Protein chains: 4
Amino acid sequence: MSQFSIAVIVGSLRKESLNRKVARALAELAPSSLKLSIVEIGDLALYNEDIDLDSPPAAYSAFRQALQGADGYLFVTPEYNRSVPGVLKNAIDVGSRPYGKSAWGKAKPAAVVSVSPGAIGGFGANQHLRQSFVFLDVLCMQQPEAYLGNAGTFFDEQGRLNEKTRPFLQGIVDAFAEHVARTLKV
Amino acid sequence: MSQFSIAVIVGSLRKESLNRKVARALAELAPSSLKLSIVEIGDLALYNEDIDLDSPPAAYSAFRQALQGADGYLFVTPEYNRSVPGVLKNAIDVGSRPYGKSAWGKAKPAAVVSVSPGAIGGFGANQHLRQSFVFLDVLCMQQPEAYLGNAGTFFDEQGRLNEKTRPFLQGIVDAFAEHVARTLKV
Amino acid sequence: MSQFSIAVIVGSLRKESLNRKVARALAELAPSSLKLSIVEIGDLALYNEDIDLDSPPAAYSAFRQALQGADGYLFVTPEYNRSVPGVLKNAIDVGSRPYGKSAWGKAKPAAVVSVSPGAIGGFGANQHLRQSFVFLDVLCMQQPEAYLGNAGTFFDEQGRLNEKTRPFLQGIVDAFAEHVARTLKV
Amino acid sequence: MSQFSIAVIVGSLRKESLNRKVARALAELAPSSLKLSIVEIGDLALYNEDIDLDSPPAAYSAFRQALQGADGYLFVTPEYNRSVPGVLKNAIDVGSRPYGKSAWGKAKPAAVVSVSPGAIGGFGANQHLRQSFVFLDVLCMQQPEAYLGNAGTFFDEQGRLNEKTRPFLQGIVDAFAEHVARTLKV
């Protein structure tokens with residue numbers, strides 16, 4: 001049976017980021033058909049075509065190769081100022097260049113999980129990210145939507161996922177596994 | 001008569017960026033009630049609260065001071081992947097922190113000019129930026145909207161603004177001057 | 001002292017709509033500088049320029065006059081399918097026509113309160129509505145944002161606003177009164 | 001060989017609507033794997049749950065059956081006030097109810113073609129519609145995007161599609177046929 005490799009991209013650089021914890025929890029809960037690996041984005045220089053044309057920064061090239069090697073993408077992101085964090089949008093931009101050679105590929109499957117300590121669950125970031133997917137030809141899972149609010153309560157002091165939250169995350173990653181299989185087995 | 005200082009933020013880091021040229025043209029065309037100065041964003045590290053809490057990077061502090069010293073903001077930006085460039089969003093995020101101490105201030109006037117070589121004129125970037133303004137309490141000029149398409153034709157080989165485009169840019173910056181005066185004279 | 005007349009537009013047609021109840025509560029809580037009156041939108045035919053050109057429907061004309069007579073607008077709306085209810089968007093469209101003669105006027109003040117029984121509080125409807133305001137030249141209050149989630153708990157069985165919710169609504173309508181005064185006294 | 005039935009929904013009610021003409025042109029250009037039929041939305045009463053619960057209007061029921069009988073959806077729409085026309089959004093809303101029984105089904109394929117006499121090609125309507133698709137679990141084609149600007153020049157005085165526009169529309173409907181086949185053959 002085939003296993004699909006999923007590049008997980010976390011929209012926060014904080015070491016103790018709730019998003020990173022949720023990403024790790026999803027990786028653990030993922031069914032065996034998916035292998036989730038976090039791809040780091042913190043060392044990507046702010047995108048500037050001037051530094052990209054002749055000899056791209058090593059971090060740009062490595063990131064693009066990681067995207068090209070993945071069968072699909074999972075985004076786990078906070079919302080900054082009602083939209084996608086600049087950190088994550090910069091990674092989106094780096095991956096999309098140079099023109100006509102987007103590393104995001106063609107019609108690969110993806111999912112977005114937005115995570116927030118507040119009630120709204122990162123809805124604005126989640127939806128703005130999807131608008132970029134249209135241009136990038138990334139096929140995002142529609143249902144279930146994953147706006148994870150009040151995420152400060154998801155983990156106990158030892159960093160363990162609490163029992164109330166687990167089934168919710170399990171449902172998301174299981175649905176994503178189906179979305180990946182359906183999209184890629186065509 | 002008072003002159004208002006406007007921080008101009010350009011969403012592209014390319015040296016020969018069309019956006020930078022448009023920003024400079026707007027600065028020249030601005031009526032005497034406005035003083036437009038470009039505030040650079042290319043040296044702002046990707047936002048990470050971990051590096052910001054105790055001793056913020058010098059570039060963060062300088063950028064925040066520039067925002068605090070401005071009476072209003074003018075954004076001139078391309079669209080990357082149907083949304084705000086990561087470069088610009090990162091600047092938005094840096095300016096908005098730390099929590100509760102946003103350097104963007106309260107209800108300051110602003111305008112967005114989106115610039116693109118294509119037909120659509122950066123509509124997606126323009127509107128996504130406005131969604132952040134809601135949270136940031138930035139009062140953006142509504143009309144006229146400025147989606148500048150086919151911007152590759154705006155300047156001649158010597159970089160001079162052509163005569164057909166000038167009145168359009170003049171109209172935008174004049175309307176912005178009124179918006180600034182109306183917002184700040186209250 | 002002047003009193004500003006505010007046209008209140010409710011995005012749900014249900015008789016027992018939570019939105020209508022919130023609109024009424026806001027009308028009662030409004031400071032004396034504002035007079036809030038609900039303008040009905042349920043009898044506006046689906047917009048069709050063919051029926052509008054020579055002799056507009058009476059309901060269209062009455063609605064446009066109500067808008068023109070108002071000093072500002074307050075929208076209280078649910079979210080339908082992650083966006084503005086068709087009912088409300090139709091009213092927006094009717095008010096905006098005929099071309100070049102929008103009844104929404106120029107730079108009038110407004111506010112949006114989105115109301116939902118769920119956690120997210122109608123964020124998608126709230127923000128989509130604001131995108132229309134750009135074109136309509138309506139100056140919407142930015143802060144505080146009003147995403148009213150879990151609205152099923154706001155009223156008791158007699159329909160009275162509970163004491164916990166009152167200060168929140170009071171804060172919104174007071175801020176709106178300031179926004180109206182600031183915008184119109186220029 | 002199977003033929004998929006596609007419900008075509010036009011966002012303008014005008015008889016001489018450019019959108020209707022584009023919809024008809026797409027129907028003619030469609031490959032034999034697709035059968036495109038326009039489903040009318042002009043007689044759907046503004047959505048109101050109060051009239052829907054016990055005995056839904058006949059027009060509501062007929063529209064829902066048309067959706068349920070279709071294998072996929074094609075939306076051809078103008079932009080009104082930078083968003084989806086109320087007319088079209090109302091049809092979206094009617095189709096989505098009653099709660100838990102959406103007539104839009106599960107993960108059916110769709111495409112959006114936005115049409116405008118102006119330069120921007122209905123970008124705002126196109127993207128807002130996609131936000132509703134997330135909730136509705138409609139799988140919209142990402143690429144190619146179809147923002148049809150300057151659409152006043154597409155047809156000659158006899159209403160015939162001009163030769164310059166034909167290949168563009170052909171490309172869209174061919175890509176849609178592939179999207180439908182890929183989505184439904186799983």
# chains A, B, ... in the order shown; residues from 1 in each chain; ligands from 1
$ interface_residues --of "chain A" --to "chain D" --cutoff "10 Å" --atoms "only C-alpha atoms" --output "compact mmCIF listing (two decimals) with C-alpha atoms, in the first residue's frame"
# COMPACT_ATOMS: atom_id res chain seq x y z
CA LYS A 106 -0.01 20.99 -10.40
CA ALA A 107 -3.22 20.19 -8.59
CA GLN A 127 -9.55 31.91 3.77
CA HIS A 128 -6.85 34.27 2.52
CA ARG A 130 -7.13 29.57 0.02
CA GLN A 131 -7.22 32.55 -2.34
CA PHE A 133 -4.20 28.31 -3.70
CA VAL A 134 -6.35 29.27 -6.67
CA PHE A 135 -3.37 30.85 -8.40
CA LEU A 136 -0.99 28.12 -7.20
CA ASP A 137 -3.28 25.32 -8.44
CA VAL A 138 -3.33 23.66 -5.03
CA LEU A 139 -6.45 21.56 -4.39
CA CYS A 140 -7.48 22.27 -0.83
CA MET A 141 -9.83 20.04 1.16
CA GLN A 142 -13.12 21.91 1.60
CA GLN A 143 -14.82 19.88 4.33
CA PRO A 144 -14.37 19.63 7.20
CA GLU A 145 -13.15 23.16 7.67
CA ALA A 181 -5.97 9.52 -1.78
CA ARG A 182 -8.90 10.68 -3.89
CA THR A 183 -6.89 13.46 -5.50
CA LEU A 184 -3.74 11.47 -6.24
CA LYS A 185 -5.15 8.10 -7.27
CA VAL A 186 -6.77 9.59 -10.33
$ calpha_fit_and_write --fixed "chain A" --moving "chain D" --output "short mmCIF file (atom, residue, chain, number, x, y, z; two decimals) with C-alpha atoms, in the first residue's frame"
data_model
loop_
_atom_site.label_atom_id
_atom_site.label_comp_id
_atom_site.auth_asym_id
_atom_site.auth_seq_id
_atom_site.Cartn_x
_atom_site.Cartn_y
_atom_site.Cartn_z
CA MET D 1 0.01 -0.01 -0.01
CA SER D 2 1.30 3.42 -0.91
CA GLN D 3 2.21 6.09 1.59
CA PHE D 4 1.95 9.73 0.62
CA SER D 5 4.52 12.22 1.85
CA ILE D 6 3.03 15.45 3.11
CA ALA D 7 5.04 18.62 3.64
CA VAL D 8 3.73 20.32 6.78
CA ILE D 9 4.22 24.08 6.88
CA VAL D 10 3.77 25.90 10.16
CA GLY D 11 2.91 29.59 10.04
CA SER D 12 4.55 30.60 13.31
CA LEU D 13 8.25 30.68 14.14
CA ARG D 14 7.85 30.68 17.92
CA LYS D 15 9.49 27.72 19.57
CA GLU D 16 6.55 27.09 21.86
CA SER D 17 4.03 27.87 19.15
CA LEU D 18 0.60 26.30 19.60
CA ASN D 19 0.61 25.78 15.86
CA ARG D 20 3.74 23.67 16.00
CA LYS D 21 2.18 21.59 18.75
CA VAL D 22 -0.96 21.06 16.71
CA ALA D 23 1.17 20.15 13.69
CA ARG D 24 3.03 17.53 15.74
CA ALA D 25 -0.22 16.17 17.13
CA LEU D 26 -1.62 15.83 13.62
CA ALA D 27 1.56 14.02 12.52
CA GLU D 28 1.12 11.50 15.32
CA LEU D 29 -2.57 10.98 14.64
CA ALA D 30 -2.16 10.60 10.88
CA PRO D 31 -3.17 7.24 9.43
CA SER D 32 -0.44 5.10 7.90
CA SER D 33 -1.30 6.29 4.39
CA LEU D 34 0.26 9.65 5.21
CA LYS D 35 3.75 10.59 6.31
CA LEU D 36 3.76 14.13 7.70
CA SER D 37 7.07 16.02 7.96
CA ILE D 38 7.50 19.64 8.97
CA VAL D 39 9.37 21.75 6.41
CA GLU D 40 10.99 24.76 8.06
CA ILE D 41 10.45 28.26 6.65
CA GLY D 42 12.23 30.47 9.18
CA ASP D 43 15.45 30.84 7.23
CA LEU D 44 13.90 31.93 3.93
CA ALA D 45 15.04 35.47 3.15
CA LEU D 46 12.23 37.95 2.36
CA TYR D 47 11.45 37.29 -1.27
CA ASN D 48 13.34 39.48 -3.71
CA GLU D 49 13.64 38.54 -7.36
CA ASP D 50 16.97 40.37 -7.55
CA ILE D 51 18.63 37.76 -5.32
CA ASP D 52 16.79 34.85 -6.93
CA LEU D 53 17.54 35.12 -10.62
CA ASP D 54 21.13 34.00 -11.12
CA SER D 55 21.99 32.02 -8.03
CA PRO D 56 19.08 31.54 -5.67
CA PRO D 57 19.85 31.40 -1.94
CA ALA D 58 20.49 27.84 -0.75
CA ALA D 59 17.47 28.07 1.55
CA TYR D 60 15.22 28.92 -1.39
CA SER D 61 16.46 25.93 -3.37
CA ALA D 62 16.13 23.53 -0.45
CA PHE D 63 12.59 24.69 0.26
CA ARG D 64 11.57 24.32 -3.36
CA GLN D 65 13.00 20.81 -3.50
CA ALA D 66 11.10 19.87 -0.37
CA LEU D 67 7.88 21.06 -2.00
CA GLN D 68 8.61 19.25 -5.24
CA GLY D 69 9.30 16.04 -3.37
CA ALA D 70 6.01 16.13 -1.47
CA ASP D 71 2.77 14.54 -2.62
CA GLY D 72 0.69 17.13 -0.79
CA TYR D 73 0.71 19.95 1.74
CA LEU D 74 -0.68 20.59 5.19
CA PHE D 75 -0.71 24.17 6.45
CA VAL D 76 -1.04 24.82 10.17
CA THR D 77 -1.18 28.53 10.81
CA PRO D 78 -2.10 31.30 13.19
CA GLU D 79 -3.79 34.46 12.01
CA TYR D 80 -1.84 37.70 12.16
CA ASN D 81 -3.86 40.86 11.68
CA ARG D 82 -6.83 39.02 10.16
CA SER D 83 -4.72 37.43 7.43
CA VAL D 84 -1.89 35.00 6.70
CA PRO D 85 1.29 35.65 8.73
CA GLY D 86 3.96 37.36 6.63
CA VAL D 87 6.27 34.50 7.54
CA LEU D 88 4.01 31.96 5.87
CA LYS D 89 3.09 34.17 2.93
CA ASN D 90 6.79 34.67 2.24
CA ALA D 91 7.24 30.90 2.04
CA ILE D 92 4.28 30.71 -0.34
CA ASP D 93 5.92 33.37 -2.49
CA VAL D 94 9.37 31.75 -2.49
CA GLY D 95 7.84 28.42 -3.49
CA SER D 96 5.92 30.01 -6.35
CA ARG D 97 8.95 31.39 -8.16
CA PRO D 98 10.59 31.74 -10.60
CA TYR D 99 7.63 32.57 -12.84
CA GLY D 100 6.33 29.57 -14.68
CA LYS D 101 8.29 27.15 -12.50
CA SER D 102 6.25 27.06 -9.33
CA ALA D 103 7.52 24.42 -6.93
CA TRP D 104 3.96 23.91 -5.67
CA GLY D 105 3.29 21.74 -8.71
CA LYS D 106 0.00 21.00 -10.40
CA ALA D 107 -3.22 20.20 -8.59
CA LYS D 108 -1.63 18.62 -5.53
CA PRO D 109 -3.90 18.04 -2.52
CA ALA D 110 -3.68 20.21 0.58
CA ALA D 111 -5.45 21.14 3.77
CA VAL D 112 -5.45 24.20 6.03
CA VAL D 113 -5.76 24.10 9.78
CA SER D 114 -5.90 27.53 11.39
CA VAL D 115 -5.19 27.74 15.09
CA SER D 116 -5.89 30.55 17.48
CA PRO D 117 -6.17 31.17 21.20
CA GLY D 118 -9.28 33.28 20.45
CA ALA D 119 -12.80 32.30 19.44
CA ILE D 120 -12.67 32.92 15.70
CA GLY D 121 -10.06 30.25 15.02
CA GLY D 122 -8.05 32.04 12.38
CA PHE D 123 -10.86 32.23 9.83
CA GLY D 124 -9.29 35.21 8.05
CA ALA D 125 -5.90 33.54 7.62
CA ASN D 126 -7.51 30.28 6.54
CA GLN D 127 -9.55 31.90 3.78
CA HIS D 128 -6.85 34.27 2.52
CA LEU D 129 -4.52 31.30 2.15
CA ARG D 130 -7.14 29.56 0.02
CA GLN D 131 -7.21 32.54 -2.34
CA SER D 132 -3.51 32.00 -3.03
CA PHE D 133 -4.19 28.30 -3.70
CA VAL D 134 -6.36 29.28 -6.67
CA PHE D 135 -3.37 30.84 -8.40
CA LEU D 136 -1.00 28.12 -7.19
CA ASP D 137 -3.28 25.33 -8.45
CA VAL D 138 -3.32 23.66 -5.03
CA LEU D 139 -6.46 21.56 -4.39
CA CYS D 140 -7.46 22.27 -0.83
CA MET D 141 -9.82 20.05 1.16
CA GLN D 142 -13.11 21.91 1.60
CA GLN D 143 -14.83 19.89 4.33
CA PRO D 144 -14.36 19.63 7.20
CA GLU D 145 -13.13 23.17 7.68
CA ALA D 146 -10.63 23.47 10.51
CA TYR D 147 -10.84 26.74 12.44
CA LEU D 148 -9.30 25.77 15.78
CA GLY D 149 -10.31 28.35 18.36
CA ASN D 150 -9.44 28.48 22.05
CA ALA D 151 -6.36 26.44 21.24
CA GLY D 152 -4.70 27.43 24.50
CA THR D 153 -6.79 24.70 26.14
CA PHE D 154 -5.78 21.86 23.79
CA PHE D 155 -2.65 20.71 25.63
CA ASP D 156 -1.93 20.01 29.28
CA GLU D 157 1.14 21.26 31.13
CA GLN D 158 3.20 18.35 29.84
CA GLY D 159 2.21 19.30 26.31
CA ARG D 160 -0.09 16.30 25.87
CA LEU D 161 -3.16 16.72 23.70
CA ASN D 162 -6.24 16.53 25.89
CA GLU D 163 -8.80 13.82 25.34
CA LYS D 164 -11.55 16.20 24.32
CA THR D 165 -9.56 17.69 21.45
CA ARG D 166 -8.08 14.45 20.10
CA PRO D 167 -11.18 13.18 18.24
CA PHE D 168 -11.56 16.53 16.51
CA LEU D 169 -7.96 16.50 15.23
CA GLN D 170 -8.30 12.82 14.33
CA GLY D 171 -11.35 13.64 12.21
CA ILE D 172 -9.44 16.33 10.36
CA VAL D 173 -6.40 14.23 9.54
CA ASP D 174 -8.52 11.23 8.54
CA ALA D 175 -10.57 13.37 6.17
CA PHE D 176 -7.34 14.80 4.78
CA ALA D 177 -6.01 11.30 4.13
CA GLU D 178 -9.12 10.56 2.08
CA HIS D 179 -8.77 13.85 0.21
CA VAL D 180 -5.15 13.03 -0.62
CA ALA D 181 -5.98 9.51 -1.79
CA ARG D 182 -8.90 10.68 -3.90
CA THR D 183 -6.90 13.46 -5.50
CA LEU D 184 -3.75 11.46 -6.23
CA LYS D 185 -5.15 8.10 -7.28
CA VAL D 186 -6.73 9.56 -10.37
#
$ select_by_dssp --residues "segment 34-107 of chain A" --states "strand (DSSP E)" --output "list in words"
Leu34, Lys35, Leu36, Ser37, Ile38, Gly72, Tyr73, Leu74, Phe75, Val76 and Thr77 of chain A
$ write_last_selection --atoms "N, CA and C atoms" --output "tab-separated table (two decimals), in the first residue's frame"
chain	number	residue	atom	x	y	z
A	34	LEU	N	-0.40	8.35	5.29
A	34	LEU	CA	0.25	9.66	5.21
A	34	LEU	C	1.51	9.69	6.07
A	35	LYS	N	2.55	10.30	5.53
A	35	LYS	CA	3.74	10.58	6.33
A	35	LYS	C	3.92	12.09	6.38
A	36	LEU	N	3.69	12.68	7.55
A	36	LEU	CA	3.75	14.14	7.70
A	36	LEU	C	5.12	14.57	8.22
A	37	SER	N	5.78	15.50	7.52
A	37	SER	CA	7.08	16.02	7.96
A	37	SER	C	7.07	17.54	7.87
A	38	ILE	N	7.46	18.18	8.96
A	38	ILE	CA	7.49	19.64	8.97
A	38	ILE	C	8.65	20.14	8.10
A	72	GLY	N	1.74	16.20	-1.18
A	72	GLY	CA	0.68	17.13	-0.80
A	72	GLY	C	1.16	18.02	0.33
A	73	TYR	N	0.30	18.93	0.76
A	73	TYR	CA	0.70	19.95	1.73
A	73	TYR	C	-0.33	20.07	2.85
A	74	LEU	N	0.19	20.28	4.06
A	74	LEU	CA	-0.68	20.59	5.19
A	74	LEU	C	-0.19	21.89	5.82
A	75	PHE	N	-1.06	22.88	5.86
A	75	PHE	CA	-0.72	24.17	6.44
A	75	PHE	C	-1.36	24.27	7.83
A	76	VAL	N	-0.54	24.60	8.81
A	76	VAL	CA	-1.05	24.82	10.16
A	76	VAL	C	-0.60	26.22	10.54
A	77	THR	N	-1.58	27.11	10.73
A	77	THR	CA	-1.18	28.52	10.81
A	77	THR	C	-2.01	29.35	11.77
$ select_by_dssp --residues "segment 19-135 of chain C" --states "helix (DSSP H, G or I)" --output "ChimeraX atom specification"
/C:19-29,49-52,58-69,86-96,123-135
